[in-house]
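File shown: query17.pdb. Contents: PDB, C-alpha atoms and all ligand atoms.
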ATOM      1  CA  MET A   1      -3.554  19.180  20.813
ATOM      2  CA  LYS A   2      -3.888  21.619  17.953
ATOM      3  CA  ALA A   3      -1.707  21.872  14.877
ATOM      4  CA  PRO A   4       1.072  24.464  14.873
ATOM      5  CA  PRO A   5       0.422  27.516  12.632
ATOM      6  CA  PHE A   6       1.079  26.979   8.927
ATOM      7  CA  ASP A   7       0.498  28.732   5.620
ATOM      8  CA  TYR A   8      -1.819  27.099   3.132
ATOM      9  CA  ALA A   9      -1.758  27.000  -0.676
ATOM     10  CA  ARG A  10      -4.143  25.283  -3.078
ATOM     11  CA  PRO A  11      -2.522  25.209  -6.522
ATOM     12  CA  ALA A  12      -4.627  24.184  -9.520
ATOM     13  CA  SER A  13      -1.931  22.484 -11.603
ATOM     14  CA  LEU A  14       1.018  20.159 -11.144
ATOM     15  CA  ALA A  15       3.370  22.847 -12.473
ATOM     16  CA  ALA A  16       2.203  25.212  -9.709
ATOM     17  CA  VAL A  17       2.771  22.459  -7.106
ATOM     18  CA  PHE A  18       6.365  22.005  -8.311
ATOM     19  CA  GLU A  19       6.978  25.758  -8.097
ATOM     20  CA  LEU A  20       5.853  25.790  -4.472
ATOM     21  CA  LEU A  21       7.859  22.677  -3.570
ATOM     22  CA  ASP A  22      10.996  24.034  -5.251
ATOM     23  CA  ALA A  23      10.614  27.418  -3.521
ATOM     24  CA  HIS A  24       9.877  26.087  -0.005
ATOM     25  CA  GLY A  25      11.875  22.848   0.077
ATOM     26  CA  ASP A  26      11.632  20.922   3.326
ATOM     27  CA  ASN A  27       9.284  23.522   4.839
ATOM     28  CA  ALA A  28       6.435  22.484   2.526
ATOM     29  CA  ARG A  29       4.293  19.362   2.896
ATOM     30  CA  LEU A  30       1.719  17.970   0.459
ATOM     31  CA  LEU A  31      -1.828  17.587   1.762
ATOM     32  CA  ALA A  32      -3.976  14.922   0.045
ATOM     33  CA  GLY A  33      -6.755  13.276   2.098
ATOM     34  CA  GLY A  34      -5.241  14.590   5.323
ATOM     35  CA  GLN A  35      -6.154  11.400   7.175
ATOM     36  CA  THR A  36      -2.589  10.834   8.320
ATOM     37  CA  LEU A  37      -1.016  14.262   7.925
ATOM     38  CA  LEU A  38      -3.553  16.213   9.992
ATOM     39  CA  ALA A  39      -3.226  13.773  12.886
ATOM     40  CA  THR A  40       0.567  14.119  12.848
ATOM     41  CA  LEU A  41       0.234  17.921  12.791
ATOM     42  CA  ASN A  42      -2.200  17.878  15.701
ATOM     43  CA  MET A  43       0.206  15.690  17.649
ATOM     44  CA  ARG A  44       3.039  18.079  16.684
ATOM     45  CA  LEU A  45       5.016  15.223  15.169
ATOM     46  CA  SER A  46       5.524  17.419  12.134
ATOM     47  CA  GLU A  47       5.651  21.229  11.826
ATOM     48  CA  PRO A  48       5.721  22.247   8.148
ATOM     49  CA  ALA A  49       5.516  25.991   7.473
ATOM     50  CA  LEU A  50       3.388  25.464   4.343
ATOM     51  CA  LEU A  51       0.719  22.930   3.440
ATOM     52  CA  VAL A  52       0.332  22.459  -0.312
ATOM     53  CA  ASP A  53      -3.184  21.132  -0.829
ATOM     54  CA  ILE A  54      -3.152  19.019  -4.028
ATOM     55  CA  ASN A  55      -6.897  18.323  -4.098
ATOM     56  CA  GLN A  56      -7.517  20.730  -7.019
ATOM     57  CA  VAL A  57      -4.817  19.280  -9.279
ATOM     58  CA  PRO A  58      -6.544  17.553 -12.205
ATOM     59  CA  GLU A  59      -3.426  15.625 -13.304
ATOM     60  CA  LEU A  60      -3.641  13.535 -10.109
ATOM     61  CA  THR A  61      -7.193  12.248 -10.573
ATOM     62  CA  GLY A  62      -8.950   9.509 -12.517
ATOM     63  CA  VAL A  63      -8.934   5.775 -13.112
ATOM     64  CA  SER A  64      -8.159   4.740 -16.694
ATOM     65  CA  LEU A  65      -7.746   1.459 -18.523
ATOM     66  CA  GLY A  66      -4.726   0.935 -20.757
ATOM     67  CA  GLU A  67      -3.801  -2.102 -22.850
ATOM     68  CA  GLN A  68      -1.616  -3.623 -20.152
ATOM     69  CA  CYS A  69      -2.521  -1.803 -16.954
ATOM     70  CA  LEU A  70      -5.060   0.084 -14.904
ATOM     71  CA  ARG A  71      -3.799   3.547 -13.988
ATOM     72  CA  ILE A  72      -5.104   4.998 -10.743
ATOM     73  CA  GLY A  73      -4.471   8.679 -10.069
ATOM     74  CA  ALA A  74      -2.831   9.541  -6.752
ATOM     75  CA  LEU A  75      -5.871  11.483  -5.507
ATOM     76  CA  THR A  76      -8.247   8.534  -5.928
ATOM     77  CA  ARG A  77     -10.002   7.963  -2.579
ATOM     78  CA  HIS A  78     -10.051   4.520  -0.999
ATOM     79  CA  THR A  79     -13.864   4.499  -1.395
ATOM     80  CA  GLU A  80     -13.660   5.232  -5.137
ATOM     81  CA  ILE A  81     -11.400   2.202  -5.493
ATOM     82  CA  GLU A  82     -13.861   0.136  -3.446
ATOM     83  CA  ASN A  83     -16.732   1.030  -5.803
ATOM     84  CA  HIS A  84     -15.011   1.317  -9.177
ATOM     85  CA  PRO A  85     -16.116  -1.307 -11.733
ATOM     86  CA  LEU A  86     -12.780  -1.206 -13.608
ATOM     87  CA  VAL A  87     -10.931  -1.972 -10.364
ATOM     88  CA  ALA A  88     -13.243  -4.886  -9.542
ATOM     89  CA  LYS A  89     -12.802  -6.334 -13.031
ATOM     90  CA  HIS A  90      -9.122  -5.707 -13.711
ATOM     91  CA  VAL A  91      -7.382  -5.504 -10.308
ATOM     92  CA  PRO A  92      -9.594  -7.605  -8.016
ATOM     93  CA  LEU A  93      -6.960  -7.777  -5.266
ATOM     94  CA  LEU A  94      -7.618  -4.097  -4.494
ATOM     95  CA  LYS A  95     -11.325  -4.747  -4.105
ATOM     96  CA  LEU A  96     -10.564  -7.567  -1.640
ATOM     97  CA  ALA A  97      -8.164  -5.392   0.386
ATOM     98  CA  VAL A  98     -10.021  -2.102   0.616
ATOM     99  CA  PRO A  99     -12.641  -3.018   3.268
ATOM    100  CA  HIS A 100      -9.747  -3.611   5.663
ATOM    101  CA  ILE A 101      -8.577   0.022   5.430
ATOM    102  CA  ALA A 102      -9.722   1.931   8.492
ATOM    103  CA  HIS A 103     -13.400   3.006   8.647
ATOM    104  CA  ARG A 104     -15.789   4.416   6.058
ATOM    105  CA  ALA A 105     -15.168   8.064   7.045
ATOM    106  CA  ILE A 106     -11.414   7.655   6.587
ATOM    107  CA  ARG A 107     -11.843   5.697   3.348
ATOM    108  CA  ASN A 108     -14.004   8.537   1.983
ATOM    109  CA  LEU A 109     -11.113  11.006   2.305
ATOM    110  CA  GLY A 110      -7.857   9.039   2.308
ATOM    111  CA  THR A 111      -6.124   8.605  -1.059
ATOM    112  CA  ILE A 112      -4.086   5.828  -2.627
ATOM    113  CA  GLY A 113      -1.274   8.292  -3.366
ATOM    114  CA  GLY A 114      -1.159   9.418   0.267
ATOM    115  CA  SER A 115      -1.075   5.843   1.491
ATOM    116  CA  LEU A 116       1.724   4.794  -0.889
ATOM    117  CA  ALA A 117       3.753   7.950  -0.168
ATOM    118  CA  TYR A 118       3.348   7.562   3.595
ATOM    119  CA  ALA A 119       4.498   3.908   3.338
ATOM    120  CA  ASP A 120       3.189   2.570   6.614
ATOM    121  CA  PRO A 121       4.407  -1.063   6.697
ATOM    122  CA  ALA A 122       0.989  -2.125   8.061
ATOM    123  CA  ALA A 123      -0.977  -0.397   5.275
ATOM    124  CA  GLU A 124      -2.880  -2.334   2.625
ATOM    125  CA  TRP A 125      -2.025  -0.459  -0.612
ATOM    126  CA  PRO A 126       1.768  -0.811  -0.374
ATOM    127  CA  ALA A 127       1.403  -4.599   0.095
ATOM    128  CA  CYS A 128      -0.990  -4.872  -2.865
ATOM    129  CA  ALA A 129       1.334  -2.760  -5.027
ATOM    130  CA  LEU A 130       4.266  -5.035  -4.232
ATOM    131  CA  ALA A 131       2.271  -8.258  -4.670
ATOM    132  CA  LEU A 132       1.104  -7.139  -8.112
ATOM    133  CA  ASP A 133       4.415  -5.642  -9.305
ATOM    134  CA  ALA A 134       2.771  -2.244  -9.703
ATOM    135  CA  THR A 135       4.625   0.743 -11.137
ATOM    136  CA  ILE A 136       4.591   3.973  -9.171
ATOM    137  CA  ILE A 137       4.815   7.169 -11.189
ATOM    138  CA  VAL A 138       6.396  10.188  -9.558
ATOM    139  CA  GLN A 139       7.092  13.606 -11.029
ATOM    140  CA  GLY A 140       9.037  16.722 -10.099
ATOM    141  CA  SER A 141      10.123  19.868 -11.901
ATOM    142  CA  GLN A 142      12.969  17.830 -13.451
ATOM    143  CA  GLY A 143      10.629  15.271 -15.039
ATOM    144  CA  GLN A 144       8.890  11.977 -14.425
ATOM    145  CA  ARG A 145      10.189   8.657 -13.031
ATOM    146  CA  ARG A 146       8.532   5.224 -13.143
ATOM    147  CA  ILE A 147       9.498   3.153 -10.117
ATOM    148  CA  ALA A 148       8.783  -0.546  -9.572
ATOM    149  CA  ALA A 149       6.988  -1.111  -6.266
ATOM    150  CA  ALA A 150       9.891  -3.373  -5.234
ATOM    151  CA  ASP A 151      12.214  -0.337  -5.404
ATOM    152  CA  PHE A 152       9.776   2.236  -4.003
ATOM    153  CA  PHE A 153       9.385   1.112  -0.379
ATOM    154  CA  VAL A 154      12.734   1.614   1.325
ATOM    155  CA  ASP A 155      12.121   1.489   5.083
ATOM    156  CA  VAL A 156       9.494   2.336   7.715
ATOM    157  CA  LEU A 157       7.655   5.442   6.391
ATOM    158  CA  THR A 158      10.437   5.892   3.829
ATOM    159  CA  THR A 159      10.189   5.684   0.034
ATOM    160  CA  SER A 160      12.389   6.525  -2.908
ATOM    161  CA  LEU A 161      10.417   9.769  -3.508
ATOM    162  CA  GLN A 162      12.922  12.621  -3.756
ATOM    163  CA  PRO A 163      12.414  16.136  -2.352
ATOM    164  CA  GLY A 164      10.205  18.138  -4.719
ATOM    165  CA  GLU A 165       8.573  15.032  -6.246
ATOM    166  CA  VAL A 166       4.875  14.197  -6.190
ATOM    167  CA  LEU A 167       3.419  10.717  -6.505
ATOM    168  CA  VAL A 168       1.223  11.140  -9.573
ATOM    169  CA  ALA A 169      -0.335   7.723 -10.200
ATOM    170  CA  VAL A 170       0.102   3.990  -9.812
ATOM    171  CA  GLU A 171      -0.255   1.438 -12.596
ATOM    172  CA  PHE A 172      -1.397  -2.094 -11.849
ATOM    173  CA  PRO A 173      -1.010  -4.939 -14.394
ATOM    174  CA  LEU A 174      -4.372  -6.288 -15.533
ATOM    175  CA  ALA A 175      -5.598  -9.534 -13.981
ATOM    176  CA  ALA A 176      -5.557 -12.569 -16.266
ATOM    177  CA  PRO A 177      -8.023 -15.479 -15.993
ATOM    178  CA  ASN A 178      -5.492 -17.996 -14.632
ATOM    179  CA  TRP A 179      -4.603 -15.792 -11.650
ATOM    180  CA  ARG A 180      -6.301 -16.027  -8.247
ATOM    181  CA  TYR A 181      -6.103 -13.362  -5.572
ATOM    182  CA  GLY A 182      -6.652 -13.270  -1.843
ATOM    183  CA  PHE A 183      -6.368 -10.742   0.950
ATOM    184  CA  ASP A 184      -6.842 -11.069   4.676
ATOM    185  CA  GLU A 185      -5.507  -9.521   7.837
ATOM    186  CA  LEU A 186      -5.749  -9.819  11.580
ATOM    187  CA  ALA A 187      -6.400  -6.706  13.664
ATOM    188  CA  ARG A 188      -7.592  -6.237  17.228
ATOM    189  CA  ARG A 189     -10.725  -4.384  16.059
ATOM    190  CA  HIS A 190     -12.132  -3.925  12.596
ATOM    191  CA  GLY A 191     -10.673  -0.741  11.136
ATOM    192  CA  ASP A 192      -7.471  -0.817  13.173
ATOM    193  CA  TYR A 193      -4.191  -1.096  11.332
ATOM    194  CA  ALA A 194      -3.337  -4.770  10.816
ATOM    195  CA  ILE A 195      -1.178  -6.676  13.276
ATOM    196  CA  ALA A 196      -0.357  -8.861  10.289
ATOM    197  CA  GLY A 197      -1.859  -9.159   6.836
ATOM    198  CA  LEU A 198      -1.284 -10.988   3.578
ATOM    199  CA  ALA A 199      -1.882 -10.091  -0.067
ATOM    200  CA  LEU A 200      -1.745 -13.205  -2.230
ATOM    201  CA  ALA A 201      -1.590 -13.598  -6.004
ATOM    202  CA  VAL A 202      -1.041 -16.998  -7.642
ATOM    203  CA  ARG A 203      -1.037 -18.099 -11.270
ATOM    204  CA  HIS A 204      -2.103 -21.629 -12.140
ATOM    205  CA  ASP A 205      -0.817 -23.455 -15.180
ATOM    206  CA  ALA A 206      -2.055 -26.960 -15.990
ATOM    207  CA  GLY A 207      -3.084 -27.508 -12.367
ATOM    208  CA  LEU A 208       0.245 -26.374 -10.911
ATOM    209  CA  LEU A 209       1.276 -23.104  -9.288
ATOM    210  CA  ALA A 210       3.321 -21.276 -11.904
ATOM    211  CA  ASP A 211       3.778 -17.895 -10.170
ATOM    212  CA  VAL A 212       3.322 -17.227  -6.468
ATOM    213  CA  ARG A 213       3.357 -13.825  -4.721
ATOM    214  CA  LEU A 214       3.008 -13.722  -0.951
ATOM    215  CA  CYS A 215       3.255 -10.168   0.314
ATOM    216  CA  PHE A 216       2.911  -9.544   4.036
ATOM    217  CA  LEU A 217       2.004  -6.284   5.776
ATOM    218  CA  GLY A 218       2.654  -5.499   9.422
ATOM    219  CA  ILE A 219       5.625  -7.889   9.488
ATOM    220  CA  GLY A 220       8.686  -6.047   8.188
ATOM    221  CA  SER A 221       9.795  -2.436   7.900
ATOM    222  CA  THR A 222       8.273  -2.400   4.399
ATOM    223  CA  PRO A 223       5.757  -4.752   2.761
ATOM    224  CA  LEU A 224       7.534  -8.102   2.643
ATOM    225  CA  ARG A 225       7.571 -10.831  -0.039
ATOM    226  CA  ALA A 226       8.186 -14.308   1.452
ATOM    227  CA  ARG A 227      10.474 -15.416  -1.396
ATOM    228  CA  ARG A 228      11.541 -18.804  -0.007
ATOM    229  CA  THR A 229       7.956 -19.827   0.648
ATOM    230  CA  GLU A 230       6.969 -18.610  -2.811
ATOM    231  CA  ALA A 231       9.746 -20.751  -4.330
ATOM    232  CA  LEU A 232       8.634 -23.806  -2.349
ATOM    233  CA  LEU A 233       5.101 -23.521  -3.720
ATOM    234  CA  THR A 234       6.061 -22.804  -7.326
ATOM    235  CA  GLY A 235       5.573 -25.848  -9.569
ATOM    236  CA  ARG A 236       3.422 -27.691  -7.034
ATOM    237  CA  ALA A 237      -0.268 -28.516  -6.957
ATOM    238  CA  LEU A 238      -2.079 -26.424  -4.355
ATOM    239  CA  ASP A 239      -3.167 -29.296  -2.097
ATOM    240  CA  ALA A 240      -3.196 -29.915   1.661
ATOM    241  CA  ALA A 241       0.416 -31.160   1.679
ATOM    242  CA  ALA A 242       1.633 -28.044  -0.141
ATOM    243  CA  ILE A 243      -0.205 -25.804   2.336
ATOM    244  CA  THR A 244       1.332 -27.606   5.331
ATOM    245  CA  ASP A 245       4.818 -27.418   3.797
ATOM    246  CA  ALA A 246       4.368 -23.737   2.962
ATOM    247  CA  ALA A 247       3.322 -22.860   6.516
ATOM    248  CA  ALA A 248       6.384 -24.669   7.919
ATOM    249  CA  MET A 249       8.663 -22.929   5.417
ATOM    250  CA  LEU A 250       7.155 -19.537   6.259
ATOM    251  CA  ALA A 251       7.701 -20.071   9.998
ATOM    252  CA  SER A 252      11.337 -20.822   9.236
ATOM    253  CA  GLU A 253      11.686 -17.954   6.744
ATOM    254  CA  LEU A 254      10.352 -15.414   9.254
ATOM    255  CA  THR A 255      13.234 -15.950  11.666
ATOM    256  CA  GLY A 256      16.645 -14.298  11.856
ATOM    257  CA  GLN A 257      16.898 -11.316   9.487
ATOM    258  CA  LEU A 258      13.247 -11.559   8.440
ATOM    259  CA  ALA A 259      11.847 -12.029  11.968
ATOM    260  CA  PRO A 260       8.675  -9.907  12.298
ATOM    261  CA  LEU A 261       9.110  -6.548  13.992
ATOM    262  CA  PRO A 262       7.253  -6.642  17.321
ATOM    263  CA  ASP A 263       4.807  -3.850  18.164
ATOM    264  CA  LEU A 264       3.542  -2.551  21.511
ATOM    265  CA  THR A 265       1.257  -5.533  22.113
ATOM    266  CA  ASN A 266       2.489  -8.316  19.825
ATOM    267  CA  SER A 267       5.792 -10.133  20.007
ATOM    268  CA  SER A 268       7.752 -11.229  16.984
ATOM    269  CA  ALA A 269       6.712 -14.849  17.690
ATOM    270  CA  THR A 270       3.022 -13.908  17.801
ATOM    271  CA  LYS A 271       3.295 -12.130  14.467
ATOM    272  CA  ARG A 272       5.137 -15.096  12.946
ATOM    273  CA  HIS A 273       2.320 -17.371  14.092
ATOM    274  CA  LEU A 274      -0.347 -15.000  12.711
ATOM    275  CA  ALA A 275       1.472 -14.888   9.371
ATOM    276  CA  THR A 276       1.286 -18.687   9.098
ATOM    277  CA  VAL A 277      -2.424 -18.602  10.028
ATOM    278  CA  LEU A 278      -3.072 -16.098   7.225
ATOM    279  CA  LEU A 279      -1.023 -18.115   4.759
ATOM    280  CA  ARG A 280      -2.929 -21.338   5.478
ATOM    281  CA  ARG A 281      -6.228 -19.499   5.273
ATOM    282  CA  LEU A 282      -5.566 -17.789   1.931
ATOM    283  CA  LEU A 283      -3.943 -20.814   0.299
ATOM    284  CA  ALA A 284      -6.935 -22.947   1.328
ATOM    285  CA  ARG A 285      -9.292 -20.372  -0.192
ATOM    286  CA  ALA A 286      -7.237 -20.193  -3.392
ATOM    287  CA  SER A 287      -7.317 -23.991  -3.706
ATOM    288  CA  ALA A 288     -11.119 -24.152  -3.345
TER     289      ALA A 288
HETATM  290  C1  LIG B 301      -7.922   6.168  12.707
HETATM  291  C2  LIG B 301      -7.190   5.875  11.414
HETATM  292  C3  LIG B 301      -7.064   4.551  11.014
HETATM  293  C4  LIG B 301      -6.397   4.246   9.823
HETATM  294  N1  LIG B 301      -6.286   2.938   9.462
HETATM  295  C5  LIG B 301      -5.665   2.634   8.314
HETATM  296  C6  LIG B 301      -5.546   1.279   7.876
HETATM  297  O1  LIG B 301      -6.042   0.343   8.514
HETATM  298  N2  LIG B 301      -4.869   1.031   6.731
HETATM  299  C7  LIG B 301      -4.317   2.053   5.970
HETATM  300  O2  LIG B 301      -3.703   1.773   4.934
HETATM  301  N3  LIG B 301      -4.414   3.328   6.353
HETATM  302  C8  LIG B 301      -5.074   3.648   7.494
HETATM  303  N4  LIG B 301      -5.179   4.958   7.854
HETATM  304  C9  LIG B 301      -4.526   5.980   7.011
HETATM  305  C10 LIG B 301      -5.388   6.376   5.822
HETATM  306  O3  LIG B 301      -5.493   5.291   4.918
HETATM  307  C11 LIG B 301      -4.766   7.540   5.065
HETATM  308  O4  LIG B 301      -5.713   7.941   4.152
HETATM  309  C12 LIG B 301      -3.468   7.319   4.308
HETATM  310  O5  LIG B 301      -2.434   6.775   5.057
HETATM  311  C13 LIG B 301      -2.861   8.641   3.829
HETATM  312  O6  LIG B 301      -3.617   9.119   2.790
HETATM  313  P1  LIG B 301      -4.088  10.618   2.774
HETATM  314  O7  LIG B 301      -4.584  10.840   1.400
HETATM  315  O8  LIG B 301      -5.016  10.873   3.894
HETATM  316  O9  LIG B 301      -2.677  11.400   2.933
HETATM  317  P2  LIG B 301      -2.303  12.668   3.802
HETATM  318  O10 LIG B 301      -2.614  12.433   5.231
HETATM  319  O11 LIG B 301      -2.820  13.906   3.185
HETATM  320  O12 LIG B 301      -0.704  12.615   3.576
HETATM  321  C14 LIG B 301       0.073  11.589   4.147
HETATM  322  C15 LIG B 301       1.544  11.808   3.753
HETATM  323  O13 LIG B 301       1.740  11.529   2.374
HETATM  324  C16 LIG B 301       2.202  12.695   1.686
HETATM  325  N5  LIG B 301       1.492  12.702   0.401
HETATM  326  C17 LIG B 301       0.143  12.645   0.214
HETATM  327  N6  LIG B 301      -0.138  12.574  -1.089
HETATM  328  C18 LIG B 301       1.047  12.587  -1.740
HETATM  329  C19 LIG B 301       1.408  12.520  -3.116
HETATM  330  N7  LIG B 301       0.484  12.416  -4.077
HETATM  331  N8  LIG B 301       2.723  12.545  -3.433
HETATM  332  C20 LIG B 301       3.671  12.614  -2.475
HETATM  333  N9  LIG B 301       3.387  12.667  -1.150
HETATM  334  C21 LIG B 301       2.090  12.658  -0.790
HETATM  335  C22 LIG B 301       1.840  13.870   2.579
HETATM  336  O14 LIG B 301       2.713  14.961   2.381
HETATM  337  C23 LIG B 301       2.009  13.251   3.953
HETATM  338  O15 LIG B 301       3.372  13.230   4.327
HETATM  339  C24 LIG B 301      -5.845   5.285   9.026
HETATM  340  C25 LIG B 301      -5.992   6.627   9.421
HETATM  341  C26 LIG B 301      -6.660   6.919  10.600
HETATM  342  C27 LIG B 301      -6.800   8.363  11.002
END
Please render this file's structure as structure tokens.
Ligand SMILES: Cc1cc2nc3c(=O)[nH]c(=O)nc-3n(C[C@H](O)[C@H](O)[C@H](O)COP(=O)(O)OP(=O)(O)OC[C@H]3O[C@@H](n4cnc5c(N)ncnc54)[C@H](O)[C@@H]3O)c2cc1C
Amino acid sequence: MKAPPFDYARPASLAAVFELLDAHGDNARLLAGGQTLLATLNMRLSEPALLVDINQVPELTGVSLGEQCLRIGALTRHTEIENHPLVAKHVPLLKLAVPHIAHRAIRNLGTIGGSLAYADPAAEWPACALALDATIIVQGSQGQRRIAAADFFVDVLTTSLQPGEVLVAVEFPLAAPNWRYGFDELARRHGDYAIAGLALAVRHDAGLLADVRLCFLGIGSTPLRARRTEALLTGRALDAAAITDAAAMLASELTGQLAPLPDLTNSSATKRHLATVLLRRLLARASA
């Protein structure tokens, strides 16, 4: 199918974007990499009257190192993140996750801002943002807000972005030497969205796990921290017994309210099993 007719604007500043969003309200839609939006237009799942192309807005670009964080502009392409030396050095989890995002052609165009704003529960960047306690910076004509990742993802494809706001950048805390990171996912074919995935960040202190973040994608309606399993691991040595106990705890945690959402081909039980496989795998790697 072809997209419905729409008007197109390409503002050159954030102020001009806000003017258009304020004037057109719900009828306007931001266009970043277009890797999700254009498909939804072609399938007529969305019929905005105006596309506001933000690709010429300089305030949304760039990767910069601060004292406490690495700031990544919303328009940064997945491929730029894959190849950026500051990302590899200071936020290595992103480097581990990025090869799992779609295929090269999509990574060349798709942006981190588009991925976070779209909030697909099976996407990699939202899970990394939550695992690392990232801060998401959004701005509208009324000013700027800084939102913790834990408060940003609200439901399937739903965030706390308000009408008229643009996701401007995301700030990731810098990696410290006593942290280890891991990322893995299971998909039917390489490049498909994950059936289940896990972003892991653990801090060691004197041989014990002092901080544990287990953030699953493809399991819940938003990226999901397995808090009970994290608590079980905290304070323990990362040995075979801890890994076995954690997998059992996770299987129990992902029942009832936190039972994985099934998809067209995978039941909740299958996803629960895959989550425990990923947990064992990444904990074993982190212990090596
Ligand atoms: C075949 C295929 C496979 C894919 N597989 C994966 C995958 O495995 N993992 C994965 O994570 N993604 C996957 N994607 C999606 C891809 O990563 C997209 O790039 C991403 O979801 C959206 O980024 P975009 O820049 O293309 O956004 P767009 O498509 O331009 O926009 C997406 C939505 O976000 C809004 N938006 C964009 N930028 C902003 C902003 N700065 N502020 C506020 N709202 C904004 C738009 O209005 C729109 O509603 C896949 C896409 C395709 C086509």
Taking a cut-off of 8 Å and counting all atoms listed in the file, can you build a table that, for each residue of chain A near ligand LIG 301 (chain B), reports the nearest atom pair and how far apart they are in Å (one decimal), sorted by chain then residue number, as a tab-separated table?
residue	atom	partner	partner_atom	distance
A:Arg29	CA	B:LIG301	O14	4.7
A:Leu30	CA	B:LIG301	O14	3.7
A:Leu31	CA	B:LIG301	O11	4.1
A:Ala32	CA	B:LIG301	O11	3.5
A:Gly33	CA	B:LIG301	O7	3.3
A:Gly34	CA	B:LIG301	O11	3.3
A:Gln35	CA	B:LIG301	O8	3.5
A:Thr36	CA	B:LIG301	O10	3.5
A:Leu37	CA	B:LIG301	O10	3.6
A:Leu38	CA	B:LIG301	O10	6.2
A:Ala39	CA	B:LIG301	C27	6.8
A:Ile54	CA	B:LIG301	N7	7.5
A:Leu60	CA	B:LIG301	N7	7.4
A:Ala74	CA	B:LIG301	N7	5.1
A:Leu75	CA	B:LIG301	N7	6.6
A:Arg77	CA	B:LIG301	O7	7.3
A:His78	CA	B:LIG301	O3	7.5
A:His100	CA	B:LIG301	O1	6.1
A:Ile101	CA	B:LIG301	O1	4.0
A:Ala102	CA	B:LIG301	N1	3.7
A:His103	CA	B:LIG301	C3	6.9
A:Ile106	CA	B:LIG301	C25	6.2
A:Arg107	CA	B:LIG301	O3	6.6
A:Leu109	CA	B:LIG301	O8	6.3
A:Gly110	CA	B:LIG301	O4	3.0
A:Thr111	CA	B:LIG301	O7	3.7
A:Ile112	CA	B:LIG301	O6	6.4
A:Gly113	CA	B:LIG301	N7	4.5
A:Gly114	CA	B:LIG301	C17	3.5
A:Ser115	CA	B:LIG301	O5	3.9
A:Leu116	CA	B:LIG301	O13	7.5
A:Ala117	CA	B:LIG301	O13	4.8
A:Tyr118	CA	B:LIG301	O13	4.5
A:Ala119	CA	B:LIG301	O5	7.7
A:Asp120	CA	B:LIG301	O2	7.1
A:Ala122	CA	B:LIG301	N2	6.8
A:Ala123	CA	B:LIG301	O2	3.5
A:Glu124	CA	B:LIG301	O2	4.8
A:Trp125	CA	B:LIG301	O2	6.2
A:Val138	CA	B:LIG301	N8	7.5
A:Leu161	CA	B:LIG301	C20	7.4
A:Glu165	CA	B:LIG301	C20	6.6
A:Val166	CA	B:LIG301	N8	3.9
A:Leu167	CA	B:LIG301	N8	3.6
A:Val168	CA	B:LIG301	N7	5.7
A:Ala169	CA	B:LIG301	N7	7.8
A:Gly191	CA	B:LIG301	O1	5.4
A:Asp192	CA	B:LIG301	O1	5.0
A:Tyr193	CA	B:LIG301	O1	3.7
A:Ala194	CA	B:LIG301	O1	6.2
Those same residues - C-alpha atoms - I'd like them written as a short mmCIF file (atom, residue, chain, number, x, y, z; two decimals), in the frame of the given file.
data_model
loop_
_atom_site.label_atom_id
_atom_site.label_comp_id
_atom_site.auth_asym_id
_atom_site.auth_seq_id
_atom_site.Cartn_x
_atom_site.Cartn_y
_atom_site.Cartn_z
CA ARG A 29 4.29 19.36 2.90
CA LEU A 30 1.72 17.97 0.46
CA LEU A 31 -1.83 17.59 1.76
CA ALA A 32 -3.98 14.92 0.04
CA GLY A 33 -6.76 13.28 2.10
CA GLY A 34 -5.24 14.59 5.32
CA GLN A 35 -6.15 11.40 7.18
CA THR A 36 -2.59 10.83 8.32
CA LEU A 37 -1.02 14.26 7.92
CA LEU A 38 -3.55 16.21 9.99
CA ALA A 39 -3.23 13.77 12.89
CA ILE A 54 -3.15 19.02 -4.03
CA LEU A 60 -3.64 13.54 -10.11
CA ALA A 74 -2.83 9.54 -6.75
CA LEU A 75 -5.87 11.48 -5.51
CA ARG A 77 -10.00 7.96 -2.58
CA HIS A 78 -10.05 4.52 -1.00
CA HIS A 100 -9.75 -3.61 5.66
CA ILE A 101 -8.58 0.02 5.43
CA ALA A 102 -9.72 1.93 8.49
CA HIS A 103 -13.40 3.01 8.65
CA ILE A 106 -11.41 7.66 6.59
CA ARG A 107 -11.84 5.70 3.35
CA LEU A 109 -11.11 11.01 2.31
CA GLY A 110 -7.86 9.04 2.31
CA THR A 111 -6.12 8.60 -1.06
CA ILE A 112 -4.09 5.83 -2.63
CA GLY A 113 -1.27 8.29 -3.37
CA GLY A 114 -1.16 9.42 0.27
CA SER A 115 -1.08 5.84 1.49
CA LEU A 116 1.72 4.79 -0.89
CA ALA A 117 3.75 7.95 -0.17
CA TYR A 118 3.35 7.56 3.60
CA ALA A 119 4.50 3.91 3.34
CA ASP A 120 3.19 2.57 6.61
CA ALA A 122 0.99 -2.12 8.06
CA ALA A 123 -0.98 -0.40 5.28
CA GLU A 124 -2.88 -2.33 2.62
CA TRP A 125 -2.02 -0.46 -0.61
CA VAL A 138 6.40 10.19 -9.56
CA LEU A 161 10.42 9.77 -3.51
CA GLU A 165 8.57 15.03 -6.25
CA VAL A 166 4.88 14.20 -6.19
CA LEU A 167 3.42 10.72 -6.50
CA VAL A 168 1.22 11.14 -9.57
CA ALA A 169 -0.34 7.72 -10.20
CA GLY A 191 -10.67 -0.74 11.14
CA ASP A 192 -7.47 -0.82 13.17
CA TYR A 193 -4.19 -1.10 11.33
CA ALA A 194 -3.34 -4.77 10.82
#
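Residue nearest A:Ser267, chosen from A:Leu238, A:Ala196, A:Val170, A:Leu282 and counting all atoms listed in the file: A:Ala196.
Excluding A:Pro223 itself and any same-chain residue fewer than 5 positions from it, the protein and nucleic acid residues within 6 Å of it, counting all atoms listed in the file, are Pro121, Ala127, Phe216 and Leu217 of chain A.
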